[in-house]
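J.: First the structure, then my questions, so here it is.
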Amino acid sequence: MKELEIHDIGASVKRHRRTYLRPWRSWAPYPELEAAELEDLVARAGLAGYHLVMCVTACWVEDDGRQVPYPKKFPAAARTLRDLDVTIACHGLTHCQVGQHHARLLRSNRAAWREFLPTMPALVERHHLRQSKKILEDWWGRPVHRLVPPGELFTARTAEIAKDEGYTETSCRPGVAPEPCALPIVSPRRVHDREIVRGYVFPAA
């Protein structure tokens, strides 16, 4: 079976990345996938010849900046996803710059929805990489090996720290990774959960 990544599971980008007065330019809002939808998604993917890599953001960021782990924010979906025949990958701790993540009236907040910025302090970056891995592994019960940086934005230092924290590969499109990159790079087909909500049809594998 071919791999296909589903991005943004558990990410509050689906609530906050929008422009109130210019909704046609907004990414959000759309709902988190529920348990039955996840079961249907995995079944349809299997029939089409795909093994799904679910790229989960470890914490949902609330309006006030509180970070709620995916299994606590969406317990029914998390229980179902844990037991499905999928691979779990890390799509960041928050997916965003907490405090700058709120929707805006006119301007896009897209830039705030990248987690591993070059300006991120090294100690903070290590915390994000370590804590997200721990949350996902404690929930899934298996090692999480793949880092999928939100927006494919990360630095050579991100890769170095991720390798040190136990990640064994990173995912991005060819030519996007920094040089040098301490982790092996994989580039499977990928879609966002927004596309799934809108009725994504799997192409032939």
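Ordered as shown in the structure tokens, chains take letters A, B, and onward, while each chain numbers its residues from 1 and ligands are numbered from 1 in the order shown.
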From stretch 51-187 of chain A, collect each residue whose DSSP state is alpha helix (DSSP H) and return the set as a ChimeraX atom specification.
T.: /A:70-73,75-83,122-140,156-164
J.: May I have the residues from that selection written out with N, CA and C atoms, as a CSV table (one decimal), in the first residue's frame?
T.:
```csv
chain,number,residue,atom,x,y,z
A,70,TYR,N,-4.8,16.5,22.4
A,70,TYR,CA,-5.8,16.0,21.5
A,70,TYR,C,-6.6,14.9,22.2
A,71,PRO,N,-6.1,13.9,23.0
A,71,PRO,CA,-6.9,12.9,23.6
A,71,PRO,C,-7.9,13.5,24.6
A,72,LYS,N,-7.6,14.6,25.2
A,72,LYS,CA,-8.6,15.3,26.1
A,72,LYS,C,-9.6,16.1,25.4
A,73,LYS,N,-9.2,16.8,24.4
A,73,LYS,CA,-10.1,17.7,23.6
A,73,LYS,C,-11.1,16.9,22.8
A,75,PRO,N,-11.9,13.2,23.0
A,75,PRO,CA,-11.7,11.8,23.5
A,75,PRO,C,-12.3,10.7,22.7
A,76,ALA,N,-13.5,10.9,22.2
A,76,ALA,CA,-14.1,9.8,21.4
A,76,ALA,C,-13.3,9.5,20.1
A,77,ALA,N,-13.0,10.6,19.4
A,77,ALA,CA,-12.2,10.5,18.1
A,77,ALA,C,-10.8,9.9,18.4
A,78,ALA,N,-10.2,10.4,19.5
A,78,ALA,CA,-8.9,9.9,19.9
A,78,ALA,C,-8.9,8.4,20.2
A,79,ARG,N,-9.9,7.9,20.9
A,79,ARG,CA,-10.0,6.5,21.2
A,79,ARG,C,-10.1,5.7,19.9
A,80,THR,N,-10.9,6.2,19.0
A,80,THR,CA,-11.1,5.4,17.8
A,80,THR,C,-9.9,5.4,17.0
A,81,LEU,N,-9.2,6.6,16.8
A,81,LEU,CA,-8.0,6.7,16.0
A,81,LEU,C,-6.9,5.9,16.5
A,82,ARG,N,-6.8,5.8,17.8
A,82,ARG,CA,-5.7,5.0,18.5
A,82,ARG,C,-5.8,3.6,18.0
A,83,ASP,N,-7.0,3.1,17.8
A,83,ASP,CA,-7.2,1.6,17.6
A,83,ASP,C,-7.3,1.3,16.1
A,122,ALA,N,15.9,28.0,21.0
A,122,ALA,CA,16.2,26.6,21.0
A,122,ALA,C,15.6,25.8,22.1
A,123,LEU,N,15.6,26.4,23.3
A,123,LEU,CA,15.0,25.7,24.4
A,123,LEU,C,13.5,25.5,24.2
A,124,VAL,N,12.8,26.5,23.7
A,124,VAL,CA,11.4,26.4,23.4
A,124,VAL,C,11.1,25.3,22.3
A,125,GLU,N,11.9,25.4,21.3
A,125,GLU,CA,11.8,24.4,20.2
A,125,GLU,C,12.0,23.0,20.7
A,126,ARG,N,12.9,22.7,21.6
A,126,ARG,CA,13.2,21.4,22.2
A,126,ARG,C,11.9,21.0,23.0
A,127,HIS,N,11.4,21.9,23.7
A,127,HIS,CA,10.2,21.6,24.5
A,127,HIS,C,9.1,21.2,23.6
A,128,HIS,N,8.8,21.9,22.6
A,128,HIS,CA,7.7,21.6,21.7
A,128,HIS,C,7.9,20.2,21.0
A,129,LEU,N,9.2,19.9,20.6
A,129,LEU,CA,9.4,18.6,20.0
A,129,LEU,C,9.3,17.5,21.0
A,130,ARG,N,9.8,17.7,22.2
A,130,ARG,CA,9.8,16.7,23.2
A,130,ARG,C,8.4,16.4,23.7
A,131,GLN,N,7.7,17.5,24.1
A,131,GLN,CA,6.4,17.4,24.7
A,131,GLN,C,5.3,16.8,23.7
A,132,SER,N,5.4,17.2,22.5
A,132,SER,CA,4.4,16.7,21.5
A,132,SER,C,4.6,15.2,21.3
A,133,LYS,N,5.9,14.8,21.2
A,133,LYS,CA,6.2,13.4,21.1
A,133,LYS,C,5.7,12.6,22.3
A,134,LYS,N,5.9,13.1,23.4
A,134,LYS,CA,5.4,12.4,24.7
A,134,LYS,C,3.9,12.3,24.7
A,135,ILE,N,3.2,13.4,24.4
A,135,ILE,CA,1.7,13.3,24.4
A,135,ILE,C,1.2,12.3,23.4
A,136,LEU,N,1.8,12.3,22.2
A,136,LEU,CA,1.3,11.4,21.2
A,136,LEU,C,1.6,9.9,21.5
A,137,GLU,N,2.8,9.7,22.1
A,137,GLU,CA,3.2,8.3,22.4
A,137,GLU,C,2.4,7.8,23.6
A,138,ASP,N,2.2,8.6,24.6
A,138,ASP,CA,1.4,8.2,25.8
A,138,ASP,C,0.0,7.8,25.4
A,139,TRP,N,-0.5,8.5,24.4
A,139,TRP,CA,-1.9,8.2,23.9
A,139,TRP,C,-1.9,7.0,23.0
A,140,TRP,N,-1.0,7.0,22.0
A,140,TRP,CA,-1.0,6.0,21.0
A,140,TRP,C,-0.5,4.6,21.5
A,156,ALA,N,17.5,23.7,10.0
A,156,ALA,CA,18.5,22.7,10.3
A,156,ALA,C,18.5,22.4,11.7
A,157,ARG,N,18.4,23.4,12.6
A,157,ARG,CA,18.4,23.2,14.0
A,157,ARG,C,17.2,22.4,14.5
A,158,THR,N,16.0,22.6,13.9
A,158,THR,CA,14.8,21.8,14.2
A,158,THR,C,15.1,20.3,13.9
A,159,ALA,N,15.7,20.0,12.8
A,159,ALA,CA,16.0,18.6,12.5
A,159,ALA,C,17.0,18.1,13.4
A,160,GLU,N,18.0,18.8,13.8
A,160,GLU,CA,19.1,18.3,14.8
A,160,GLU,C,18.4,18.0,16.1
A,161,ILE,N,17.6,18.9,16.6
A,161,ILE,CA,16.9,18.7,17.9
A,161,ILE,C,16.0,17.5,17.8
A,162,ALA,N,15.2,17.5,16.7
A,162,ALA,CA,14.3,16.4,16.6
A,162,ALA,C,15.0,15.0,16.6
A,163,LYS,N,16.1,14.9,15.9
A,163,LYS,CA,16.9,13.7,15.9
A,163,LYS,C,17.3,13.4,17.3
A,164,ASP,N,17.8,14.3,18.0
A,164,ASP,CA,18.2,14.1,19.4
A,164,ASP,C,17.1,13.7,20.3
```
J.: Skipping near chain neighbours, those fewer than 3 positions away, what residues fall within 12 Å of A:Val61 using only C-alpha atoms, listed as a PyMOL selection string?
T.: chain A and resi 10-17+57-58+64-70+73+92-102+113
J.: Taking only C-alpha atoms into account, which of A:Pro29, A:His91, A:Ala45, A:Glu37 comes nearest A:Cys59?
T.: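 Using only C-alpha atoms, A:Cys59 sits closest to A:His91.
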J.: So what do you get for atom CA of A:Ala111 versus atom CA of A:Glu152, distance-wise?
T.: 12.4 Å
J.: Give me the residues within 12 Å of A:Asp85 as a list in words, counting only C-alpha atoms and dropping any in the same chain fewer than 3 places off.
T.: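 Non-adjacent residues within range: Leu38, Glu39, Leu41, Val42, Ala43, Ala45, Gly46, Tyr50, His51, Leu52, Val53, Met54, Thr80, Leu81, Arg82, Ile88 and Trp140 of chain A.
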J.: Just the strand (DSSP E or B) stuff from stretch 27-203 of chain A, please, per backbone DSSP, written as number ranges by chain.
T.: A: 50-56, 59-61, 67-69, 87-90, 104, 146-147, 169-171, 185-186, 189-192
J.: Could you turn the residues from that selection into a file that holds N, CA, C and O atoms, as a short mmCIF file (atom, residue, chain, number, x, y, z; two decimals), in the first residue's frame?
T.:
```cif
data_model
loop_
_atom_site.label_atom_id
_atom_site.label_comp_id
_atom_site.auth_asym_id
_atom_site.auth_seq_id
_atom_site.Cartn_x
_atom_site.Cartn_y
_atom_site.Cartn_z
N TYR A 50 -4.38 2.76 0.07
CA TYR A 50 -3.53 3.66 0.85
C TYR A 50 -3.49 3.25 2.33
O TYR A 50 -4.50 2.86 2.91
N HIS A 51 -2.31 3.37 2.90
CA HIS A 51 -2.14 3.32 4.36
C HIS A 51 -2.01 4.76 4.83
O HIS A 51 -1.16 5.52 4.34
N LEU A 52 -2.84 5.15 5.80
CA LEU A 52 -2.88 6.54 6.23
C LEU A 52 -1.86 6.81 7.33
O LEU A 52 -1.74 6.04 8.29
N VAL A 53 -1.16 7.93 7.18
CA VAL A 53 -0.32 8.49 8.23
C VAL A 53 -1.05 9.70 8.75
O VAL A 53 -1.18 10.72 8.06
N MET A 54 -1.57 9.59 9.96
CA MET A 54 -2.36 10.67 10.55
C MET A 54 -1.41 11.64 11.26
O MET A 54 -0.77 11.29 12.26
N CYS A 55 -1.32 12.85 10.74
CA CYS A 55 -0.39 13.85 11.25
C CYS A 55 -1.13 14.68 12.29
O CYS A 55 -1.91 15.58 11.95
N VAL A 56 -0.89 14.35 13.56
CA VAL A 56 -1.67 14.89 14.66
C VAL A 56 -0.91 16.02 15.35
O VAL A 56 0.26 15.84 15.73
N CYS A 59 -1.58 19.34 20.68
CA CYS A 59 -2.45 20.18 21.52
C CYS A 59 -3.30 21.13 20.69
O CYS A 59 -2.80 21.78 19.77
N TRP A 60 -4.55 21.20 21.07
CA TRP A 60 -5.47 22.21 20.54
C TRP A 60 -5.25 23.49 21.33
O TRP A 60 -5.18 23.46 22.56
N VAL A 61 -5.11 24.63 20.65
CA VAL A 61 -4.90 25.90 21.33
C VAL A 61 -6.24 26.63 21.43
O VAL A 61 -6.87 26.97 20.43
N GLN A 67 -3.43 25.10 26.15
CA GLN A 67 -3.13 24.01 25.25
C GLN A 67 -3.73 22.72 25.80
O GLN A 67 -3.37 22.27 26.89
N VAL A 68 -4.66 22.15 25.06
CA VAL A 68 -5.38 20.95 25.50
C VAL A 68 -4.95 19.77 24.63
O VAL A 68 -5.15 19.80 23.41
N PRO A 69 -4.37 18.74 25.22
CA PRO A 69 -3.94 17.58 24.42
C PRO A 69 -5.09 16.98 23.62
O PRO A 69 -6.23 16.93 24.07
N THR A 87 -0.76 4.97 10.99
CA THR A 87 0.48 5.42 11.63
C THR A 87 0.27 6.83 12.13
O THR A 87 -0.33 7.65 11.43
N ILE A 88 0.75 7.12 13.33
CA ILE A 88 0.64 8.46 13.89
C ILE A 88 1.97 9.19 13.70
O ILE A 88 3.04 8.65 14.02
N ALA A 89 1.90 10.40 13.16
CA ALA A 89 3.07 11.27 13.03
C ALA A 89 2.82 12.55 13.81
O ALA A 89 1.68 12.92 14.07
N CYS A 90 3.90 13.22 14.17
CA CYS A 90 3.80 14.46 14.95
C CYS A 90 3.72 15.66 14.02
O CYS A 90 4.62 15.91 13.22
N ARG A 104 -8.47 37.30 12.67
CA ARG A 104 -8.40 38.76 12.54
C ARG A 104 -9.56 39.27 11.71
O ARG A 104 -10.22 38.51 11.00
N ARG A 146 7.97 10.01 13.01
CA ARG A 146 7.98 11.00 11.93
C ARG A 146 7.56 12.38 12.43
O ARG A 146 6.54 12.53 13.09
N LEU A 147 8.35 13.38 12.10
CA LEU A 147 8.01 14.78 12.34
C LEU A 147 7.51 15.39 11.04
O LEU A 147 8.20 15.32 10.01
N GLU A 169 12.71 10.53 11.11
CA GLU A 169 12.50 11.04 9.75
C GLU A 169 11.61 12.27 9.82
O GLU A 169 10.91 12.51 10.80
N THR A 170 11.67 13.06 8.74
CA THR A 170 10.79 14.22 8.63
C THR A 170 10.14 14.20 7.26
O THR A 170 10.67 13.61 6.31
N SER A 171 8.98 14.83 7.17
CA SER A 171 8.21 14.81 5.93
C SER A 171 8.05 16.22 5.37
O SER A 171 7.64 17.14 6.08
N ILE A 185 14.46 12.38 4.75
CA ILE A 185 13.25 13.07 4.30
C ILE A 185 12.36 12.11 3.53
O ILE A 185 12.83 11.38 2.65
N VAL A 186 11.07 12.12 3.86
CA VAL A 186 10.08 11.37 3.10
C VAL A 186 9.11 12.38 2.50
O VAL A 186 8.87 13.45 3.05
N ARG A 189 2.32 11.47 -0.72
CA ARG A 189 1.16 12.30 -1.04
C ARG A 189 0.56 12.78 0.28
O ARG A 189 0.53 12.04 1.27
N ARG A 190 0.03 14.03 0.30
CA ARG A 190 -0.58 14.53 1.53
C ARG A 190 -1.81 15.36 1.21
O ARG A 190 -1.88 16.01 0.16
N VAL A 191 -2.80 15.29 2.13
CA VAL A 191 -3.98 16.14 2.04
C VAL A 191 -4.27 16.65 3.45
O VAL A 191 -3.81 16.09 4.44
N HIS A 192 -5.02 17.74 3.53
CA HIS A 192 -5.42 18.28 4.83
C HIS A 192 -6.79 17.74 5.22
O HIS A 192 -7.60 17.40 4.36
#
```
J.: Write out as a compact mmCIF listing (two decimals) with N, CA, C and O atoms, in the first residue's frame the residues lying within 10 Å of A:Arg194, counting only C-alpha atoms and excluding same-chain residues fewer than 2 positions away.
T.:
```txt
# COMPACT_ATOMS: atom_id res chain seq x y z
N ILE A 6 -2.50 12.58 6.26
CA ILE A 6 -3.62 13.46 6.54
C ILE A 6 -3.14 14.49 7.55
O ILE A 6 -2.81 14.15 8.69
N HIS A 7 -3.06 15.75 7.14
CA HIS A 7 -2.52 16.80 7.99
C HIS A 7 -3.61 17.51 8.80
O HIS A 7 -4.77 17.55 8.39
N ASP A 8 -3.19 18.05 9.94
CA ASP A 8 -3.99 18.97 10.78
C ASP A 8 -4.99 18.27 11.71
O ASP A 8 -5.85 18.93 12.29
N ILE A 9 -4.87 16.97 11.89
CA ILE A 9 -5.70 16.31 12.90
C ILE A 9 -5.39 16.95 14.26
O ILE A 9 -4.24 17.05 14.67
N LYS A 14 -8.19 24.94 12.37
CA LYS A 14 -9.53 24.84 11.80
C LYS A 14 -10.54 25.76 12.49
O LYS A 14 -11.66 25.93 12.03
N TRP A 27 -9.06 30.03 5.84
CA TRP A 27 -8.88 28.58 5.87
C TRP A 27 -10.00 27.94 6.71
O TRP A 27 -10.49 26.87 6.41
N ALA A 28 -10.35 28.59 7.79
CA ALA A 28 -11.32 28.09 8.76
C ALA A 28 -12.64 28.86 8.60
O ALA A 28 -12.69 29.87 7.88
N PRO A 29 -13.70 28.44 9.30
CA PRO A 29 -13.76 27.30 10.22
C PRO A 29 -14.28 26.03 9.53
O PRO A 29 -14.99 26.09 8.54
N TYR A 30 -13.91 24.91 10.11
CA TYR A 30 -14.47 23.61 9.72
C TYR A 30 -14.29 22.67 10.90
O TYR A 30 -13.47 22.92 11.78
N PRO A 31 -15.04 21.58 10.99
CA PRO A 31 -15.04 20.76 12.19
C PRO A 31 -13.91 19.74 12.23
O PRO A 31 -13.37 19.33 11.19
N GLU A 32 -13.58 19.32 13.43
CA GLU A 32 -12.65 18.20 13.64
C GLU A 32 -13.34 16.91 13.21
O GLU A 32 -14.55 16.75 13.37
N LEU A 33 -12.56 16.00 12.64
CA LEU A 33 -13.13 14.71 12.24
C LEU A 33 -13.56 13.92 13.47
O LEU A 33 -12.81 13.79 14.44
N VAL A 191 -2.80 15.29 2.13
CA VAL A 191 -3.98 16.14 2.04
C VAL A 191 -4.27 16.65 3.45
O VAL A 191 -3.81 16.09 4.44
N HIS A 192 -5.02 17.74 3.53
CA HIS A 192 -5.42 18.28 4.83
C HIS A 192 -6.79 17.74 5.22
O HIS A 192 -7.60 17.40 4.36
N ILE A 196 -10.80 16.38 3.57
CA ILE A 196 -11.60 15.20 3.92
C ILE A 196 -13.01 15.63 4.30
O ILE A 196 -14.00 15.03 3.85
N VAL A 197 -13.12 16.68 5.11
CA VAL A 197 -14.43 17.19 5.51
C VAL A 197 -15.25 17.59 4.30
O VAL A 197 -16.48 17.43 4.27
N ARG A 198 -14.59 18.08 3.27
CA ARG A 198 -15.28 18.56 2.07
C ARG A 198 -15.51 17.47 1.03
O ARG A 198 -15.89 17.76 -0.10
N GLY A 199 -15.26 16.22 1.40
CA GLY A 199 -15.61 15.12 0.51
C GLY A 199 -14.50 14.61 -0.38
O GLY A 199 -14.75 14.24 -1.53
N TYR A 200 -13.28 14.56 0.13
CA TYR A 200 -12.12 14.12 -0.66
C TYR A 200 -12.36 12.72 -1.23
O TYR A 200 -12.84 11.82 -0.55
```
J.: Measuring atom to atom with only C-alpha atoms, identify which of A:Ala177, A:Cys172, A:Leu4, A:Leu153 is nearest to A:Val86.
T.: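 Of all the options, A:Leu4 lies closest to A:Val86.
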J.: Could you state the separation of atom CA of A:Ala204 and atom CA of A:Thr168 in Å, given to one decimal place?
T.: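 Rounded to one decimal, the two atoms are 28.8 Å apart.
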J.: May I ask for the distance between atom CA of A:Pro178 and atom CA of A:Thr155, given in Å to one decimal place?
T.: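 So the two atoms, atom CA of A:Pro178 and atom CA of A:Thr155, lie 5.7 Å apart.
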